[in-house]
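Undergrad: File name upload-v4.cif; file contents mmCIF, C-alpha atoms and all ligand atoms; full text below.
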data_final
loop_
_atom_site.label_atom_id
_atom_site.label_comp_id
_atom_site.auth_asym_id
_atom_site.auth_seq_id
_atom_site.Cartn_x
_atom_site.Cartn_y
_atom_site.Cartn_z
CA MET A 1 -38.26 -15.98 56.90
CA ASN A 2 -35.89 -15.96 53.95
CA ILE A 3 -37.29 -16.19 50.41
CA TYR A 4 -36.84 -19.95 50.22
CA GLN A 5 -38.53 -20.58 53.58
CA ASN A 6 -41.31 -18.35 52.39
CA ARG A 7 -41.75 -20.22 49.09
CA ILE A 8 -41.71 -23.57 50.88
CA SER A 9 -44.36 -22.38 53.27
CA LEU A 10 -46.50 -21.16 50.34
CA VAL A 11 -46.21 -24.62 48.77
CA GLN A 12 -47.13 -26.28 52.05
CA LYS A 13 -50.24 -24.12 52.25
CA LYS A 14 -51.29 -25.36 48.80
CA LEU A 15 -50.93 -29.02 49.78
CA MET A 16 -53.95 -30.79 51.28
CA GLU A 17 -53.83 -33.64 53.70
CA GLY A 18 -52.49 -36.77 51.95
CA GLU A 19 -50.70 -34.78 49.25
CA ALA A 20 -46.94 -34.43 48.92
CA LEU A 21 -44.44 -32.66 46.69
CA LEU A 22 -41.24 -34.43 45.74
CA LEU A 23 -38.46 -32.56 43.92
CA PHE A 24 -35.08 -33.78 42.79
CA ALA A 25 -32.01 -31.64 42.24
CA SER A 26 -29.99 -31.98 39.03
CA SER A 27 -27.18 -34.50 38.83
CA HIS A 28 -23.85 -33.88 37.14
CA GLN A 29 -23.98 -34.69 33.43
CA THR A 30 -21.16 -36.44 31.66
CA LYS A 31 -19.55 -34.56 28.79
CA ASN A 32 -17.16 -37.29 27.75
CA ARG A 33 -15.46 -40.15 29.60
CA ASP A 34 -14.93 -38.86 33.16
CA VAL A 35 -15.43 -35.18 32.31
CA GLU A 36 -18.60 -33.40 33.35
CA TYR A 37 -20.46 -30.37 32.05
CA LYS A 38 -20.49 -27.33 34.26
CA PHE A 39 -23.18 -27.87 36.88
CA ARG A 40 -26.46 -25.99 36.75
CA GLN A 41 -29.11 -26.69 39.37
CA ASP A 42 -32.65 -27.65 38.37
CA SER A 43 -34.65 -24.41 38.33
CA ASP A 44 -37.57 -25.73 40.39
CA PHE A 45 -35.26 -27.16 43.03
CA TYR A 46 -33.30 -23.93 43.23
CA TYR A 47 -36.50 -21.85 43.35
CA LEU A 48 -37.57 -23.60 46.55
CA THR A 49 -34.23 -24.29 48.21
CA GLY A 50 -31.55 -21.92 46.91
CA ILE A 51 -29.22 -24.94 47.03
CA ASN A 52 -26.84 -25.27 44.09
CA GLU A 53 -25.44 -28.66 45.03
CA SER A 54 -26.23 -31.77 42.97
CA ASP A 55 -28.46 -34.74 43.81
CA GLY A 56 -30.52 -33.25 46.64
CA ILE A 57 -34.15 -34.19 47.31
CA LEU A 58 -36.92 -32.05 48.77
CA PHE A 59 -40.05 -33.62 50.24
CA LEU A 60 -42.97 -31.53 51.46
CA THR A 61 -46.44 -32.18 52.82
CA GLU A 62 -48.74 -29.68 54.53
CA LYS A 63 -47.24 -30.72 57.87
CA THR A 64 -43.84 -32.28 57.32
CA SER A 65 -40.75 -31.38 55.37
CA ALA A 66 -37.46 -33.09 54.61
CA ILE A 67 -34.30 -32.28 52.68
CA PHE A 68 -31.73 -34.82 51.53
CA THR A 69 -28.23 -33.61 50.65
CA LEU A 70 -24.97 -35.30 49.67
CA PRO A 71 -23.26 -36.90 52.67
CA LYS A 72 -20.35 -35.00 54.13
CA ILE A 73 -17.54 -37.40 53.32
CA LYS A 74 -14.09 -35.93 53.81
CA GLU A 75 -12.47 -37.80 50.88
CA ARG A 76 -15.19 -36.62 48.50
CA GLU A 77 -14.96 -33.04 49.74
CA ILE A 78 -11.20 -33.03 49.03
CA TRP A 79 -11.92 -33.87 45.38
CA THR A 80 -15.04 -31.89 44.62
CA GLY A 81 -15.43 -29.28 47.33
CA ILE A 82 -17.17 -28.71 50.62
CA ARG A 83 -20.70 -30.07 50.79
CA LEU A 84 -23.55 -28.27 52.46
CA GLY A 85 -24.58 -31.16 54.67
CA ASN A 86 -28.12 -32.01 55.75
CA LYS A 87 -27.93 -30.29 59.15
CA LYS A 88 -27.14 -26.93 57.64
CA ALA A 89 -29.65 -27.39 54.80
CA LYS A 90 -32.41 -28.31 57.25
CA LYS A 91 -31.60 -25.33 59.45
CA GLU A 92 -31.33 -22.80 56.61
CA LEU A 93 -34.66 -23.89 55.19
CA ASN A 94 -36.27 -24.37 58.60
CA LEU A 95 -37.43 -27.90 57.76
CA GLU A 96 -38.41 -30.77 60.01
CA PHE A 97 -35.90 -33.36 58.80
CA GLY A 98 -32.45 -33.38 57.22
CA PHE A 99 -31.01 -36.59 55.79
CA ASP A 100 -28.12 -37.72 53.64
CA THR A 101 -29.01 -38.74 50.08
CA THR A 102 -27.68 -42.20 50.98
CA GLU A 103 -30.68 -42.53 53.33
CA TRP A 104 -33.25 -41.77 50.64
CA LYS A 105 -34.12 -45.36 49.71
CA GLU A 106 -34.87 -46.33 53.28
CA LYS A 107 -36.68 -43.11 54.26
CA SER A 108 -38.70 -42.89 51.06
CA PHE A 109 -41.09 -45.62 52.24
CA GLU A 110 -41.72 -43.82 55.50
CA LEU A 111 -42.28 -40.49 53.76
CA LEU A 112 -44.49 -41.71 50.91
CA LYS A 113 -46.52 -44.05 53.08
CA ASN A 114 -50.22 -43.13 53.06
CA ILE A 115 -49.77 -40.26 50.63
CA HIS A 116 -52.59 -40.47 48.08
CA THR A 117 -51.41 -37.82 45.63
CA LEU A 118 -47.78 -37.31 44.81
CA PHE A 119 -46.84 -34.09 43.03
CA TYR A 120 -43.77 -34.96 41.05
CA PHE A 121 -42.30 -33.88 37.69
CA TYR A 122 -42.45 -37.25 35.98
CA GLY A 123 -40.89 -37.64 32.56
CA LYS A 124 -37.78 -35.55 33.25
CA ASN A 125 -35.62 -38.39 34.54
CA LEU A 126 -36.67 -41.91 33.66
CA GLU A 127 -34.39 -43.46 36.28
CA ARG A 128 -36.12 -41.45 38.99
CA ASP A 129 -39.52 -42.30 37.49
CA LYS A 130 -38.73 -45.99 37.75
CA GLU A 131 -37.52 -45.55 41.31
CA ILE A 132 -40.73 -43.78 42.34
CA LEU A 133 -42.93 -46.42 40.71
CA SER A 134 -41.01 -49.15 42.47
CA ILE A 135 -41.41 -47.43 45.85
CA ILE A 136 -45.15 -47.14 45.21
CA GLU A 137 -45.41 -50.78 44.18
CA ASN A 138 -43.54 -51.78 47.30
CA LEU A 139 -45.86 -49.76 49.53
CA ASN A 140 -48.94 -51.22 47.84
CA GLN A 141 -47.71 -54.69 48.64
CA ARG A 142 -47.93 -53.82 52.29
CA SER A 143 -51.66 -53.10 52.10
CA ARG A 144 -52.42 -55.79 54.67
CA ASN A 145 -50.66 -53.60 57.23
CA GLY A 146 -53.08 -50.83 56.36
CA GLU A 147 -50.41 -48.97 54.38
CA PHE A 148 -50.71 -47.68 50.84
CA GLY A 149 -48.67 -45.78 48.29
CA PRO A 150 -49.73 -42.77 46.19
CA GLU A 151 -52.67 -43.59 43.91
CA LYS A 152 -52.09 -40.52 41.82
CA ILE A 153 -48.95 -38.89 40.48
CA GLN A 154 -49.56 -35.37 39.30
CA LEU A 155 -47.33 -32.70 37.77
CA PRO A 156 -46.77 -29.90 40.31
CA ASN A 157 -47.88 -27.24 37.86
CA PHE A 158 -48.80 -24.98 40.77
CA LEU A 159 -45.07 -24.48 41.28
CA HIS A 160 -44.75 -23.25 37.72
CA GLU A 161 -47.65 -20.90 38.22
CA MET A 162 -45.76 -19.47 41.21
CA ARG A 163 -42.64 -19.05 39.08
CA LEU A 164 -44.60 -17.38 36.29
CA ILE A 165 -45.43 -14.34 38.44
CA LYS A 166 -42.19 -12.63 39.37
CA SER A 167 -41.63 -10.90 42.68
CA ASP A 168 -39.83 -7.55 42.90
CA GLU A 169 -36.66 -9.39 43.97
CA GLU A 170 -36.83 -11.62 40.91
CA ILE A 171 -37.42 -8.64 38.63
CA ASP A 172 -34.30 -7.01 40.08
CA LEU A 173 -32.32 -10.17 39.35
CA ILE A 174 -33.49 -10.24 35.74
CA LEU A 175 -32.67 -6.55 35.44
CA GLU A 176 -29.16 -7.31 36.65
CA SER A 177 -28.82 -10.06 34.03
CA ALA A 178 -30.19 -7.62 31.46
CA LYS A 179 -27.51 -5.05 32.33
CA ILE A 180 -24.75 -7.60 31.88
CA THR A 181 -26.38 -8.76 28.65
CA ALA A 182 -26.24 -5.14 27.51
CA GLU A 183 -22.50 -5.07 28.16
CA GLY A 184 -22.10 -8.16 25.98
CA HIS A 185 -24.11 -6.77 23.08
CA MET A 186 -22.47 -3.32 23.40
CA ALA A 187 -19.02 -4.90 23.25
CA LEU A 188 -20.02 -6.64 20.01
CA PHE A 189 -21.35 -3.44 18.44
CA LYS A 190 -17.98 -1.85 19.16
CA GLU A 191 -15.47 -4.65 18.66
CA THR A 192 -16.79 -6.67 15.72
CA LYS A 193 -14.73 -6.39 12.54
CA VAL A 194 -15.05 -7.89 9.07
CA GLY A 195 -12.83 -10.98 8.90
CA MET A 196 -13.51 -12.09 12.47
CA TYR A 197 -15.11 -15.48 13.05
CA GLU A 198 -18.48 -15.85 14.76
CA TYR A 199 -16.82 -17.72 17.62
CA GLU A 200 -14.67 -14.68 18.36
CA LEU A 201 -17.87 -12.77 18.99
CA GLU A 202 -19.10 -15.62 21.13
CA SER A 203 -15.93 -15.36 23.21
CA ILE A 204 -16.56 -11.64 23.75
CA LEU A 205 -20.01 -12.46 25.12
CA ASP A 206 -18.48 -15.07 27.42
CA ARG A 207 -15.86 -12.57 28.54
CA GLU A 208 -18.49 -9.98 29.46
CA TYR A 209 -20.77 -12.46 31.20
CA LEU A 210 -18.17 -14.44 33.10
CA SER A 211 -16.28 -11.35 34.21
CA SER A 212 -19.52 -10.14 35.82
CA GLY A 213 -20.03 -13.34 37.80
CA CYS A 214 -22.56 -14.99 35.50
CA TRP A 215 -22.96 -18.73 35.09
CA GLY A 216 -22.59 -17.90 31.38
CA GLY A 217 -25.38 -17.51 28.87
CA GLY A 218 -28.85 -18.64 29.86
CA TYR A 219 -28.78 -20.62 26.57
CA GLY A 220 -26.23 -21.20 23.83
CA HIS A 221 -25.18 -17.91 22.19
CA ILE A 222 -26.46 -17.57 18.65
CA VAL A 223 -23.96 -15.56 16.61
CA ALA A 224 -25.09 -15.76 13.01
CA ALA A 225 -23.46 -13.77 10.23
CA GLY A 226 -25.13 -13.34 6.86
CA LYS A 227 -27.42 -16.15 5.78
CA ASN A 228 -26.71 -18.12 8.96
CA ALA A 229 -29.28 -15.82 10.56
CA CYS A 230 -31.94 -17.74 8.65
CA VAL A 231 -31.17 -20.81 10.77
CA LEU A 232 -33.30 -20.07 13.82
CA HIS A 233 -31.29 -22.03 16.38
CA TYR A 234 -27.89 -21.61 14.73
CA THR A 235 -25.16 -22.57 17.19
CA SER A 236 -22.19 -23.61 15.05
CA ASN A 237 -20.82 -20.05 15.27
CA ASN A 238 -17.85 -20.88 13.05
CA SER A 239 -18.25 -18.74 9.91
CA GLN A 240 -16.06 -15.83 8.97
CA ILE A 241 -17.74 -12.44 8.83
CA LYS A 242 -17.79 -10.79 5.41
CA LYS A 243 -18.33 -7.15 4.55
CA ASP A 244 -21.88 -5.80 4.21
CA GLU A 245 -23.36 -8.72 6.08
CA LEU A 246 -25.79 -8.49 8.94
CA ILE A 247 -24.87 -10.24 12.15
CA LEU A 248 -27.68 -11.59 14.30
CA VAL A 249 -26.75 -12.12 17.94
CA ASP A 250 -29.25 -13.83 20.22
CA SER A 251 -27.72 -14.02 23.65
CA GLY A 252 -28.65 -13.42 27.28
CA ALA A 253 -26.58 -13.52 30.45
CA GLU A 254 -27.63 -15.77 33.31
CA LYS A 255 -26.74 -14.57 36.78
CA ASN A 256 -28.12 -15.87 40.06
CA TYR A 257 -30.31 -18.31 38.14
CA TYR A 258 -32.16 -15.67 36.11
CA THR A 259 -31.56 -15.09 32.42
CA ALA A 260 -32.16 -12.37 29.90
CA ASP A 261 -32.96 -13.21 26.26
CA VAL A 262 -32.00 -10.54 23.75
CA THR A 263 -31.50 -10.43 20.00
CA ARG A 264 -29.80 -7.61 18.18
CA VAL A 265 -28.78 -7.34 14.55
CA PHE A 266 -26.04 -5.06 13.24
CA PRO A 267 -24.06 -4.61 10.04
CA SER A 268 -20.54 -6.02 9.72
CA SER A 269 -19.64 -2.82 7.92
CA LYS A 270 -20.32 0.70 9.23
CA LYS A 271 -23.77 1.03 7.75
CA PHE A 272 -26.79 -1.07 6.83
CA THR A 273 -27.24 -1.56 3.07
CA SER A 274 -30.51 -0.28 1.68
CA PRO A 275 -32.34 -3.67 1.49
CA GLN A 276 -31.07 -4.55 4.98
CA LYS A 277 -32.41 -1.22 6.21
CA ASP A 278 -35.83 -1.83 4.62
CA ILE A 279 -36.27 -5.11 6.45
CA TYR A 280 -34.71 -3.89 9.70
CA GLU A 281 -37.00 -0.85 9.86
CA LEU A 282 -40.02 -3.02 9.21
CA VAL A 283 -39.13 -5.50 11.97
CA LEU A 284 -38.22 -2.73 14.42
CA ASP A 285 -41.49 -0.93 13.83
CA VAL A 286 -43.45 -4.17 14.30
CA GLN A 287 -41.43 -5.03 17.43
CA LYS A 288 -42.16 -1.65 19.05
CA LYS A 289 -45.86 -2.08 18.33
CA ALA A 290 -45.75 -5.60 19.78
CA ILE A 291 -44.16 -4.30 22.99
CA SER A 292 -46.97 -1.79 23.33
CA TYR A 293 -49.49 -4.69 23.34
CA VAL A 294 -47.96 -6.18 26.50
CA THR A 295 -50.52 -4.84 28.94
CA THR A 296 -52.35 -6.36 31.89
CA GLY A 297 -55.42 -8.28 30.78
CA THR A 298 -54.36 -8.75 27.15
CA GLU A 299 -54.65 -12.31 25.86
CA PHE A 300 -51.13 -13.56 25.23
CA PHE A 301 -51.96 -15.00 21.81
CA GLU A 302 -53.42 -11.66 20.68
CA ILE A 303 -49.91 -10.18 20.73
CA HIS A 304 -48.71 -12.81 18.28
CA LYS A 305 -51.75 -12.49 16.07
CA LYS A 306 -51.54 -8.70 15.82
CA THR A 307 -47.79 -8.96 15.21
CA VAL A 308 -48.29 -11.40 12.36
CA TYR A 309 -50.85 -9.02 10.86
CA ASN A 310 -48.39 -6.14 11.11
CA LEU A 311 -45.63 -8.20 9.51
CA ILE A 312 -47.97 -9.21 6.69
CA GLU A 313 -48.81 -5.54 6.04
CA GLY A 314 -45.09 -4.78 5.89
CA LEU A 315 -44.34 -7.69 3.59
CA LYS A 316 -47.16 -6.59 1.32
CA SER A 317 -45.78 -3.08 1.11
CA LEU A 318 -42.44 -4.58 0.06
CA LYS A 319 -44.34 -6.65 -2.52
CA LEU A 320 -43.18 -9.88 -0.91
CA LEU A 321 -46.75 -11.03 -0.26
CA LYS A 322 -49.90 -10.40 -2.25
CA GLY A 323 -53.61 -10.62 -1.44
CA SER A 324 -55.79 -9.90 1.55
CA VAL A 325 -54.17 -9.87 4.98
CA ASP A 326 -56.86 -12.17 6.40
CA LYS A 327 -56.33 -14.70 3.62
CA ILE A 328 -52.56 -14.63 4.06
CA PHE A 329 -53.04 -15.12 7.80
CA GLU A 330 -55.49 -17.98 7.33
CA LYS A 331 -53.40 -19.76 4.70
CA GLU A 332 -50.26 -19.12 6.78
CA ASP A 333 -48.39 -17.83 3.72
CA TYR A 334 -46.42 -15.54 6.04
CA LYS A 335 -44.74 -18.60 7.60
CA LYS A 336 -42.29 -18.63 4.73
CA PHE A 337 -40.80 -15.46 6.31
CA TYR A 338 -41.90 -15.71 9.93
CA MET A 339 -42.07 -19.21 11.35
CA HIS A 340 -41.81 -18.75 15.10
CA LYS A 341 -43.97 -17.18 17.78
CA THR A 342 -43.63 -13.61 18.97
CA GLY A 343 -42.68 -14.35 22.57
CA HIS A 344 -42.39 -16.70 25.49
CA TRP A 345 -42.24 -16.49 29.27
CA LEU A 346 -38.81 -15.65 30.64
CA GLY A 347 -37.28 -16.21 34.05
CA MET A 348 -35.04 -18.87 35.53
CA ASP A 349 -35.37 -20.78 32.25
CA VAL A 350 -35.11 -18.97 28.96
CA HIS A 351 -38.30 -20.63 27.77
CA ASP A 352 -39.74 -20.27 31.22
CA VAL A 353 -42.47 -22.32 32.81
CA GLY A 354 -46.17 -21.52 33.09
CA LYS A 355 -49.14 -22.26 30.91
CA TYR A 356 -49.95 -20.26 27.78
CA PHE A 357 -53.45 -21.64 27.43
CA ILE A 358 -56.01 -22.37 30.12
CA ASP A 359 -58.97 -24.58 29.22
CA GLY A 360 -58.11 -24.13 25.58
CA LYS A 361 -58.12 -20.32 25.78
CA SER A 362 -55.06 -18.09 25.56
CA ARG A 363 -54.39 -16.79 29.06
CA LYS A 364 -54.49 -13.12 29.96
CA LEU A 365 -51.37 -11.23 30.97
CA GLU A 366 -50.99 -10.47 34.66
CA ASN A 367 -48.71 -8.08 36.51
CA GLY A 368 -45.35 -9.65 37.23
CA MET A 369 -45.23 -11.86 34.16
CA ILE A 370 -42.23 -11.40 31.89
CA THR A 371 -42.41 -12.20 28.20
CA THR A 372 -39.96 -11.77 25.39
CA ILE A 373 -41.08 -9.88 22.31
CA GLU A 374 -39.15 -11.10 19.32
CA PRO A 375 -40.64 -10.72 15.87
CA GLY A 376 -38.38 -11.42 12.94
CA LEU A 377 -38.22 -11.96 9.19
CA TYR A 378 -36.08 -14.53 7.44
CA PHE A 379 -35.45 -14.77 3.70
CA ASP A 380 -34.35 -18.18 2.55
CA PRO A 381 -31.02 -17.71 0.72
CA THR A 382 -31.95 -20.44 -1.77
CA ASP A 383 -35.49 -19.28 -2.59
CA LYS A 384 -35.50 -17.88 -6.14
CA SER A 385 -39.00 -16.44 -5.71
CA ILE A 386 -37.60 -13.84 -3.30
CA PRO A 387 -35.87 -10.78 -4.86
CA LYS A 388 -32.12 -11.39 -4.82
CA HIS A 389 -31.28 -8.38 -2.63
CA PHE A 390 -33.40 -9.78 0.22
CA ARG A 391 -32.21 -13.39 0.03
CA GLY A 392 -30.18 -14.50 3.03
CA ILE A 393 -31.31 -11.64 5.26
CA GLY A 394 -32.44 -12.77 8.71
CA ILE A 395 -33.56 -10.21 11.28
CA ARG A 396 -35.05 -10.68 14.72
CA ILE A 397 -35.23 -8.02 17.39
CA GLU A 398 -35.87 -9.28 20.90
CA ASP A 399 -36.46 -7.57 24.24
CA ASP A 400 -37.70 -8.74 27.64
CA ILE A 401 -40.91 -7.10 28.76
CA LEU A 402 -42.43 -6.98 32.22
CA VAL A 403 -46.20 -6.84 32.44
CA ASN A 404 -47.16 -3.95 34.66
CA GLU A 405 -50.37 -2.21 35.66
CA LYS A 406 -49.61 1.03 33.91
CA LYS A 407 -47.52 0.21 30.87
CA PRO A 408 -45.13 -2.41 29.52
CA ILE A 409 -41.68 -2.18 31.08
CA ASN A 410 -38.82 -3.04 28.77
CA LEU A 411 -36.17 -4.61 31.01
CA THR A 412 -33.64 -4.62 28.16
CA PHE A 413 -34.27 -1.02 27.12
CA MET A 414 -30.59 -0.14 27.53
CA ILE A 415 -29.47 -2.15 24.52
CA PRO A 416 -29.61 0.08 21.42
CA LYS A 417 -31.77 -0.97 18.49
CA GLU A 418 -32.32 2.21 16.46
CA ILE A 419 -30.45 2.22 13.14
CA SER A 420 -28.87 5.59 13.93
CA GLU A 421 -27.60 4.36 17.32
CA ILE A 422 -26.23 1.14 15.87
CA GLU A 423 -24.53 2.85 12.95
CA SER A 424 -22.90 5.35 15.24
CA LEU A 425 -21.61 2.51 17.45
CA ARG A 426 -20.31 0.72 14.36
CA SER A 427 -18.21 3.64 13.17
N1 LIG B 501 -32.96 -17.60 22.45
C1 LIG B 501 -34.06 -18.42 22.19
C2 LIG B 501 -35.25 -17.63 21.95
O1 LIG B 501 -35.16 -16.47 21.60
O2 LIG B 501 -36.35 -18.08 22.15
MN MN B 502 -36.60 -15.70 23.06
MN MN B 503 -33.53 -15.21 22.05
#
Spell out the structure here as structure tokens.

TA:
Amino acid sequence: MNIYQNRISLVQKKLMEGEALLLFASSHQTKNRDVEYKFRQDSDFYYLTGINESDGILFLTEKTSAIFTLPKIKEREIWTGIRLGNKKAKKELNLEFGFDTTEWKEKSFELLKNIHTLFYFYGKNLERDKEILSIIENLNQRSRNGEFGPEKIQLPNFLHEMRLIKSDEEIDLILESAKITAEGHMALFKETKVGMYEYELESILDREYLSSGCWGGGYGHIVAAGKNACVLHYTSNNSQIKKDELILVDSGAEKNYYTADVTRVFPSSKKFTSPQKDIYELVLDVQKKAISYVTTGTEFFEIHKKTVYNLIEGLKSLKLLKGSVDKIFEKEDYKKFYMHKTGHWLGMDVHDVGKYFIDGKSRKLENGMITTIEPGLYFDPTDKSIPKHFRGIGIRIEDDILVNEKKPINLTFMIPKEISEIESLRS
């Protein structure tokens, strides 16, 4: 059994009689007029099929299985490339049926007939949602023949629970993406010069990722010089780099459908200035502590809470916050400087799937989960209540941590973050 056959069979074991899973592949997205964005398969569809062709459909019940793929039409293949074809797809995945996507409408009635619960990711594609509802309505109108359509449509969250716990093979894939990510960040430490534009740094990341066979970044590269670092999802990347600025780079390579997610901050000049150093050291110290909290059995939210407490302590020692730590936490006064969470699941999607809370309680970490750890501090450049030398500084340090029985494993350990290492790379 290959990994996809194995995952499909695990899903089939979870399905009871009368239940079915229906998954759609991604379609090409228009960029402008007749130009399309570069294709990226839907993560769930890829997780179960390993197929990176658009518009496919996977249907599974405990007993039956069917894959629909684009029809092999010579004229189309000349324009857009060889298509997998349903025969090959069916064989590779060891499924019962293989059909062309053109047969979906007709076959859908047969497949969904007498299914009472349909597991389907509704809400992602409204056209598909409408199509499913219309199939169900159609089936219900045939009730006199003893046929019925699904009474319940449910999100297949069990698939996301599967994806949340990474196998050894998946961990190796993320490690590979992490290594390429390291090459990108290392190149920036070495090649960045005052006077360059942020987009030149972005192009260096692309160069490193694409030349190693990546799809590209797992998300848009954030290259933020100076006060741009205070914009959390800054993507304009078009400012010129000035001397004595910090540059925040949040970027991760995606290879084989797995992404890393790493943030590093370095000075545009050879050394950090003294206020930059103060904040950097604080964040780095808090980040290392936060990584140490990533242990099996720890409640995920605890990591954030403890990290906020540590940041508050640091901000108090810099006289940026006053009063009792508990009060500051309760009143959320720290949010002026730290407005995001400390981490998120990571995998095929940068903000990967899987629940954070179960029955209203923060879930406990389990072996094989991967979370980012990414505390930061941001000082609004326009806020006069902040001492001038801190205004406009934005620092986040982010690594990808595997939860393991013995101790947290930092998958992005190879990317330097100590001030001494960074300064030596900068000179
Ligand atoms: N790169 C997005 C994030 O760090 O969550
Ligand atoms: Mn992140
Ligand atoms: Mn990030």

Undergrad: Could you jot down the atom MN of ligand MN 502 (chain B) to atom CA of A:Glu183 separation for me, Å, one decimal place?

TA: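 Calculated distance between atom MN of ligand MN 502 (chain B) and atom CA of A:Glu183 is 18.4 Å.
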
Undergrad: Name the closest residue to A:Asp250 among the candidates A:Arg142, A:Lys361, A:Arg40, A:His185; distances are taken between atoms, counting all atoms listed in the file.

TA: A:His185

Undergrad: So that each row is one residue of chain A with an atom at most 8 Å from ligand MN 503 (chain B), can you give its shortest atom pair and the distance in Å to one decimal, using all atoms listed in the file, rows by chain and rising number, as a Markdown table?

TA:
| residue | atom | partner | partner_atom | distance |
| --- | --- | --- | --- | --- |
| A:Asp250 | CA | B:MN503 | MN | 4.9 |
| A:Ser251 | CA | B:MN503 | MN | 6.1 |
| A:Gly252 | CA | B:MN503 | MN | 7.4 |
| A:Asp261 | CA | B:MN503 | MN | 4.7 |
| A:Val262 | CA | B:MN503 | MN | 5.2 |
| A:Thr263 | CA | B:MN503 | MN | 5.6 |
| A:Glu374 | CA | B:MN503 | MN | 7.5 |
| A:Glu398 | CA | B:MN503 | MN | 6.5 |

Undergrad: Dump C-alpha atoms for the selected residues as a short mmCIF file (atom, residue, chain, number, x, y, z; two decimals), in the coordinates of the input?

TA:
data_model
loop_
_atom_site.label_atom_id
_atom_site.label_comp_id
_atom_site.auth_asym_id
_atom_site.auth_seq_id
_atom_site.Cartn_x
_atom_site.Cartn_y
_atom_site.Cartn_z
CA ASP A 250 -29.25 -13.83 20.22
CA SER A 251 -27.72 -14.02 23.65
CA GLY A 252 -28.65 -13.42 27.28
CA ASP A 261 -32.96 -13.21 26.26
CA VAL A 262 -32.00 -10.54 23.75
CA THR A 263 -31.50 -10.43 20.00
CA GLU A 374 -39.15 -11.10 19.32
CA GLU A 398 -35.87 -9.28 20.90
#

Undergrad: Taking all atoms listed in the file into account, report as a PyMOL selection string which residues have an atom no farther than 10 Å from an atom of ligand LIG 501 (chain B).

TA: chain A and resi 217-222+232-233+249-252+260-263+340-346+350-352+372-375+396-399

Undergrad: Would you mind exporting the chosen residues as a compact mmCIF listing (two decimals), keeping the file's coordinate frame, restricted to C-alpha atoms?

TA:
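Saved as out-v8.txt:
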# COMPACT_ATOMS: atom_id res chain seq x y z
CA GLY A 217 -25.38 -17.51 28.87
CA GLY A 218 -28.85 -18.64 29.86
CA TYR A 219 -28.78 -20.62 26.57
CA GLY A 220 -26.23 -21.20 23.83
CA HIS A 221 -25.18 -17.91 22.19
CA ILE A 222 -26.46 -17.57 18.65
CA LEU A 232 -33.30 -20.07 13.82
CA HIS A 233 -31.29 -22.03 16.38
CA VAL A 249 -26.75 -12.12 17.94
CA ASP A 250 -29.25 -13.83 20.22
CA SER A 251 -27.72 -14.02 23.65
CA GLY A 252 -28.65 -13.42 27.28
CA ALA A 260 -32.16 -12.37 29.90
CA ASP A 261 -32.96 -13.21 26.26
CA VAL A 262 -32.00 -10.54 23.75
CA THR A 263 -31.50 -10.43 20.00
CA HIS A 340 -41.81 -18.75 15.10
CA LYS A 341 -43.97 -17.18 17.78
CA THR A 342 -43.63 -13.61 18.97
CA GLY A 343 -42.68 -14.35 22.57
CA HIS A 344 -42.39 -16.70 25.49
CA TRP A 345 -42.24 -16.49 29.27
CA LEU A 346 -38.81 -15.65 30.64
CA VAL A 350 -35.11 -18.97 28.96
CA HIS A 351 -38.30 -20.63 27.77
CA ASP A 352 -39.74 -20.27 31.22
CA THR A 372 -39.96 -11.77 25.39
CA ILE A 373 -41.08 -9.88 22.31
CA GLU A 374 -39.15 -11.10 19.32
CA PRO A 375 -40.64 -10.72 15.87
CA ARG A 396 -35.05 -10.68 14.72
CA ILE A 397 -35.23 -8.02 17.39
CA GLU A 398 -35.87 -9.28 20.90
CA ASP A 399 -36.46 -7.57 24.24

Undergrad: Suppose you want the space between atom CA of A:Lys355 and atom CA of A:Glu151; what is it in Å?

TA: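 The value is 25.2 Å.
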
Undergrad: In terms of the shortest atom-to-atom distance over only C-alpha atoms and all ligand atoms, which of A:Pro381, A:Thr259, A:Lys74, A:Ile419 is closest to ligand MN 502 (chain B)?

TA: A:Thr259

Undergrad: Take atom CA of A:Leu402 and atom CA of A:Lys289 and report the distance between them in Å, one decimal.

TA: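 Going from atom CA of A:Leu402 over to atom CA of A:Lys289 covers 15.1 Å.
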